[in-house]
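These notes concern the structure reproduced below.
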Amino acid sequence: MKKIVVLLGTLLLSLWFSSAVQAKGEAGEFDYYTLALSWSPEHCAVKPADRDQCSRQLGFVLHGLWPQYQRGYPSNCSRERLDPDMEQQFAGLYPSRFLYRHEWEKHGTCSGLDQPQYHQLASDLRQKVKIPAAYQSPTDPLRKSLFQLKVDLASANDWLAPDNITVACADGGRFLREVYLCINKAGTDAVTCSDEMQKRELRSCGQPDFLLRSVR
């Protein structure tokens with residue numbers, strides 16, 4: 001029964017995100033970026049067969065760098081396929097090989113950047129984010145509120161404020177799934193996340209607090 005609830009929660013979250021998708025967009029025409037960081041133990045609790053990612057003890061990992069509108073987001077703005085050299089040039093950027101292709105073709109093609117520029121920006125922003133020590137490799141689950149998680153991230157990163165961060169939860173708000181950092185089109189500064197993202201956060205993370213599954 002618990003497994004069914006987890007799968008239903010994952011399905012609802014996927015539908016929640018897909019409801020905002022724009023069928024087609026124009027490359028370079030968007031309002032801001034979202035840097036999406038997944039909590040790997042949650043991903044692996046739902047998809048343990050993903051050996052590429054789940055054979056390792058990982059915490060926050062890069063899901064993607066996503067061009068966003070104030071409402072919704074563009075996707076698949078061209079049919080340009082991933083250059084395989086990107087996997088070698090930016091080795092370790094993503095936790096799995098699948099994401100290199102998927103993230104470029106769905107999101108990167110809408111950035112208005114070429115492939116090296118897009119991957120370099122994603123790499124620079126990921127490296128810019130400092131993960132607080134308590135979140136790097138916890139051996140026990142962490143229980144946090146939305147407020148505390150945002151304060152912890154902002155305290156570790158002087159370029160972030162709590163309103164630059166939104167969160168997605170899983171299983172009815174019981175577990176942390178992802179963190180989203182909102183960044184301007186130039187990729188230089190954090191910006192306030194849109195009202196739409198903030199409302200989604202409240203729908204997704206409706207509990208007073210949530211758990212981050214342990215890394216080990």
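Letters A, B, ... go to the chains of the structure tokens in the order shown; residues in each chain start at 1; ligands are counted from 1 in the same order.
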Where does region 5-99 of chain A meet region 158-164 of chain A within 12 Å, residue by residue, with the nearest atom pair and distance in Å to one decimal for each, counting only C-alpha atoms, listed by chain and rising number, as JSON lines?
```
{"residue": "A:Tyr32", "atom": "CA", "partner": "A:Asn164", "partner_atom": "CA", "distance": 11.4}
{"residue": "A:Tyr33", "atom": "CA", "partner": "A:Asn164", "partner_atom": "CA", "distance": 11.1}
{"residue": "A:Thr34", "atom": "CA", "partner": "A:Asn164", "partner_atom": "CA", "distance": 9.6}
{"residue": "A:Leu35", "atom": "CA", "partner": "A:Asn164", "partner_atom": "CA", "distance": 10.6}
```
>> Let's see if you can do this: from backbone DSSP, list all strand (DSSP E) residues in chain A, as a ChimeraX atom specification.
In response: /A:32-39,60-68,142-144,165-170,175-183,210-212
Take the residues just selected and output them with N, CA and C atoms as a CSV table (one decimal), in the first residue's frame.
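This went into result_25.csv:
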```csv
chain,number,residue,atom,x,y,z
A,32,TYR,N,13.4,33.9,-16.8
A,32,TYR,CA,14.5,33.6,-15.9
A,32,TYR,C,14.8,32.1,-15.9
A,33,TYR,N,15.9,31.7,-15.2
A,33,TYR,CA,16.3,30.3,-15.1
A,33,TYR,C,15.9,29.8,-13.8
A,34,THR,N,15.6,28.5,-13.8
A,34,THR,CA,15.5,27.7,-12.6
A,34,THR,C,16.7,26.7,-12.6
A,35,LEU,N,17.5,26.7,-11.5
A,35,LEU,CA,18.5,25.7,-11.3
A,35,LEU,C,17.9,24.6,-10.4
A,36,ALA,N,17.6,23.4,-11.0
A,36,ALA,CA,16.9,22.4,-10.2
A,36,ALA,C,17.9,21.4,-9.6
A,37,LEU,N,17.9,21.3,-8.3
A,37,LEU,CA,18.7,20.3,-7.6
A,37,LEU,C,17.9,19.3,-7.0
A,38,SER,N,18.1,18.0,-7.3
A,38,SER,CA,17.3,16.9,-6.8
A,38,SER,C,18.0,16.3,-5.5
A,39,TRP,N,17.2,15.9,-4.6
A,39,TRP,CA,17.8,15.2,-3.4
A,39,TRP,C,17.8,13.7,-3.9
A,60,PHE,N,22.5,16.3,-2.9
A,60,PHE,CA,22.0,17.1,-3.9
A,60,PHE,C,22.7,17.0,-5.2
A,61,VAL,N,22.0,16.8,-6.3
A,61,VAL,CA,22.6,16.6,-7.6
A,61,VAL,C,21.8,17.5,-8.6
A,62,LEU,N,22.5,17.8,-9.7
A,62,LEU,CA,21.9,18.7,-10.7
A,62,LEU,C,20.9,17.9,-11.5
A,63,HIS,N,19.6,18.4,-11.5
A,63,HIS,CA,18.6,17.9,-12.4
A,63,HIS,C,18.7,18.6,-13.7
A,64,GLY,N,18.7,20.0,-13.6
A,64,GLY,CA,18.8,20.7,-14.8
A,64,GLY,C,18.8,22.2,-14.6
A,65,LEU,N,19.1,22.9,-15.7
A,65,LEU,CA,19.0,24.4,-15.8
A,65,LEU,C,17.9,24.7,-16.8
A,66,TRP,N,16.8,25.3,-16.2
A,66,TRP,CA,15.5,25.4,-17.0
A,66,TRP,C,15.1,26.8,-17.3
A,67,PRO,N,15.1,27.2,-18.6
A,67,PRO,CA,14.4,28.5,-18.9
A,67,PRO,C,13.0,28.5,-18.4
A,68,GLN,N,12.5,29.6,-17.8
A,68,GLN,CA,11.2,29.7,-17.3
A,68,GLN,C,10.5,30.9,-17.8
A,142,LEU,N,17.1,13.8,7.9
A,142,LEU,CA,17.0,15.2,8.4
A,142,LEU,C,15.5,15.6,8.4
A,143,ARG,N,15.0,16.2,9.4
A,143,ARG,CA,13.7,16.7,9.4
A,143,ARG,C,13.8,18.2,9.4
A,144,LYS,N,13.2,18.9,8.4
A,144,LYS,CA,13.3,20.3,8.2
A,144,LYS,C,11.9,20.9,7.8
A,165,ILE,N,14.3,30.8,-3.6
A,165,ILE,CA,14.3,29.4,-3.5
A,165,ILE,C,12.8,28.9,-3.4
A,166,THR,N,12.5,27.8,-4.1
A,166,THR,CA,11.3,27.1,-3.9
A,166,THR,C,11.6,25.6,-3.8
A,167,VAL,N,10.6,24.8,-3.3
A,167,VAL,CA,10.9,23.4,-3.0
A,167,VAL,C,9.8,22.6,-3.5
A,168,ALA,N,10.1,21.3,-3.9
A,168,ALA,CA,9.1,20.3,-4.2
A,168,ALA,C,9.2,19.1,-3.3
A,169,CYS,N,8.1,18.6,-2.8
A,169,CYS,CA,8.1,17.5,-1.9
A,169,CYS,C,7.4,16.3,-2.6
A,170,ALA,N,7.6,15.1,-2.0
A,170,ALA,CA,7.0,13.9,-2.5
A,170,ALA,C,6.1,13.2,-1.4
A,175,PHE,N,8.4,14.0,2.1
A,175,PHE,CA,9.8,13.9,1.8
A,175,PHE,C,10.2,15.0,0.9
A,176,LEU,N,11.4,15.5,1.1
A,176,LEU,CA,12.0,16.5,0.1
A,176,LEU,C,12.3,15.8,-1.2
A,177,ARG,N,11.9,16.4,-2.3
A,177,ARG,CA,12.2,15.9,-3.6
A,177,ARG,C,13.2,16.7,-4.3
A,178,GLU,N,13.0,18.0,-4.5
A,178,GLU,CA,13.9,18.9,-5.2
A,178,GLU,C,13.9,20.3,-4.6
A,179,VAL,N,14.9,21.1,-4.9
A,179,VAL,CA,15.1,22.5,-4.6
A,179,VAL,C,15.3,23.2,-5.9
A,180,TYR,N,14.6,24.4,-6.0
A,180,TYR,CA,14.7,25.2,-7.2
A,180,TYR,C,15.3,26.6,-6.8
A,181,LEU,N,16.3,27.0,-7.5
A,181,LEU,CA,16.9,28.3,-7.3
A,181,LEU,C,16.6,29.1,-8.5
A,182,CYS,N,16.1,30.3,-8.3
A,182,CYS,CA,15.7,31.2,-9.4
A,182,CYS,C,16.8,32.2,-9.7
A,183,ILE,N,17.2,32.3,-11.0
A,183,ILE,CA,18.3,33.0,-11.4
A,183,ILE,C,18.0,33.8,-12.7
A,210,PHE,N,9.2,18.2,6.6
A,210,PHE,CA,9.4,17.0,5.8
A,210,PHE,C,10.8,16.4,6.1
A,211,LEU,N,11.0,15.2,5.6
A,211,LEU,CA,12.2,14.5,5.8
A,211,LEU,C,13.1,14.5,4.6
A,212,LEU,N,14.4,14.6,4.8
A,212,LEU,CA,15.4,14.4,3.7
A,212,LEU,C,15.9,13.0,4.1
```
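When CA of Ser75 (chain A) is paired with CA of Lys106 (chain A), their separation reads 5.1 Å.
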>> Give me, as a PyMOL selection string, the residues of region 28-206 of chain A that a backbone DSSP run labels alpha helix (DSSP H).
In response: chain A and resi 40-46+51-54+85-89+97-106+115-128+146-156+195-204
> Skipping near chain neighbours, those fewer than 2 positions away, what residues fall within 12 Å of Ala133 (chain A) using only C-alpha atoms, listed as a VMD selection string?
Replying inline: chain A and resid 59 to 60 130 to 131 135 to 138 152 to 153 155 to 156
Keeping N, CA, C and O atoms for every residue in the selection just given, could you write it to a file as a PDB file, in the first residue's frame?
```
ATOM      1  N   GLY A  59      24.000  13.265  -2.476  1.00  0.00           N
ATOM      2  CA  GLY A  59      23.019  14.140  -1.825  1.00  0.00           C
ATOM      3  C   GLY A  59      22.302  14.975  -2.870  1.00  0.00           C
ATOM      4  O   GLY A  59      21.534  14.462  -3.677  1.00  0.00           O
ATOM      5  N   PHE A  60      22.542  16.291  -2.863  1.00  0.00           N
ATOM      6  CA  PHE A  60      21.969  17.149  -3.893  1.00  0.00           C
ATOM      7  C   PHE A  60      22.725  16.959  -5.203  1.00  0.00           C
ATOM      8  O   PHE A  60      23.957  17.000  -5.237  1.00  0.00           O
ATOM      9  N   LYS A 130      26.808  26.501  -2.655  1.00  0.00           N
ATOM     10  CA  LYS A 130      27.464  25.824  -1.539  1.00  0.00           C
ATOM     11  C   LYS A 130      26.405  25.062  -0.745  1.00  0.00           C
ATOM     12  O   LYS A 130      25.419  25.650  -0.301  1.00  0.00           O
ATOM     13  N   ILE A 131      26.602  23.782  -0.588  1.00  0.00           N
ATOM     14  CA  ILE A 131      25.678  22.949   0.173  1.00  0.00           C
ATOM     15  C   ILE A 131      26.111  22.954   1.631  1.00  0.00           C
ATOM     16  O   ILE A 131      27.262  22.625   1.943  1.00  0.00           O
ATOM     17  N   TYR A 135      23.869  18.901   5.135  1.00  0.00           N
ATOM     18  CA  TYR A 135      23.129  18.316   4.016  1.00  0.00           C
ATOM     19  C   TYR A 135      24.022  17.537   3.052  1.00  0.00           C
ATOM     20  O   TYR A 135      23.528  16.993   2.069  1.00  0.00           O
ATOM     21  N   GLN A 136      25.306  17.506   3.297  1.00  0.00           N
ATOM     22  CA  GLN A 136      26.205  16.943   2.293  1.00  0.00           C
ATOM     23  C   GLN A 136      26.173  15.418   2.244  1.00  0.00           C
ATOM     24  O   GLN A 136      26.183  14.838   1.165  1.00  0.00           O
ATOM     25  N   SER A 137      26.132  14.771   3.391  1.00  0.00           N
ATOM     26  CA  SER A 137      26.119  13.303   3.398  1.00  0.00           C
ATOM     27  C   SER A 137      25.531  12.789   4.709  1.00  0.00           C
ATOM     28  O   SER A 137      26.196  12.054   5.444  1.00  0.00           O
ATOM     29  N   PRO A 138      24.285  13.154   5.017  1.00  0.00           N
ATOM     30  CA  PRO A 138      23.717  12.765   6.318  1.00  0.00           C
ATOM     31  C   PRO A 138      23.526  11.253   6.423  1.00  0.00           C
ATOM     32  O   PRO A 138      23.005  10.604   5.516  1.00  0.00           O
ATOM     33  N   ASP A 152      18.828  27.836   5.773  1.00  0.00           N
ATOM     34  CA  ASP A 152      20.118  27.143   5.751  1.00  0.00           C
ATOM     35  C   ASP A 152      20.842  27.361   4.429  1.00  0.00           C
ATOM     36  O   ASP A 152      22.051  27.630   4.397  1.00  0.00           O
ATOM     37  N   LEU A 153      20.112  27.238   3.313  1.00  0.00           N
ATOM     38  CA  LEU A 153      20.739  27.437   2.004  1.00  0.00           C
ATOM     39  C   LEU A 153      21.171  28.886   1.804  1.00  0.00           C
ATOM     40  O   LEU A 153      22.262  29.160   1.282  1.00  0.00           O
ATOM     41  N   SER A 155      21.919  31.044   4.132  1.00  0.00           N
ATOM     42  CA  SER A 155      23.026  31.355   5.041  1.00  0.00           C
ATOM     43  C   SER A 155      24.361  30.869   4.486  1.00  0.00           C
ATOM     44  O   SER A 155      25.407  31.478   4.724  1.00  0.00           O
ATOM     45  N   ALA A 156      24.327  29.765   3.738  1.00  0.00           N
ATOM     46  CA  ALA A 156      25.559  29.223   3.163  1.00  0.00           C
ATOM     47  C   ALA A 156      25.938  29.894   1.848  1.00  0.00           C
ATOM     48  O   ALA A 156      27.059  29.710   1.360  1.00  0.00           O
TER      49      ALA A 156
END
```
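Minimum atom-to-atom distance to Ala27 (chain A), evaluated using only C-alpha atoms, belongs to A:His107 out of A:Arg101, A:His107, A:Arg71, A:Lys47.
Closest to Leu99 (chain A) among A:Asp209, A:Asp189, A:Asp50, A:Asp171 is A:Asp50, based on only C-alpha atoms.
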>> Please report the interatomic distance between CA of Gln89 (chain A) and CA of Pro116 (chain A) in Å with one decimal.
In response: 8.5 Å
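Distances from A:Cys54, A:Val191, A:Val215, A:Met197 to Gly72 (chain A) were compared using only C-alpha atoms, and the smallest one belongs to A:Met197.
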> Which polymer residues have any atom within 9 Å of an atom of Glu105 (chain A), counting only C-alpha atoms, with same-chain residues fewer than 3 positions away left out, as a count of residues only?
Replying inline: 14
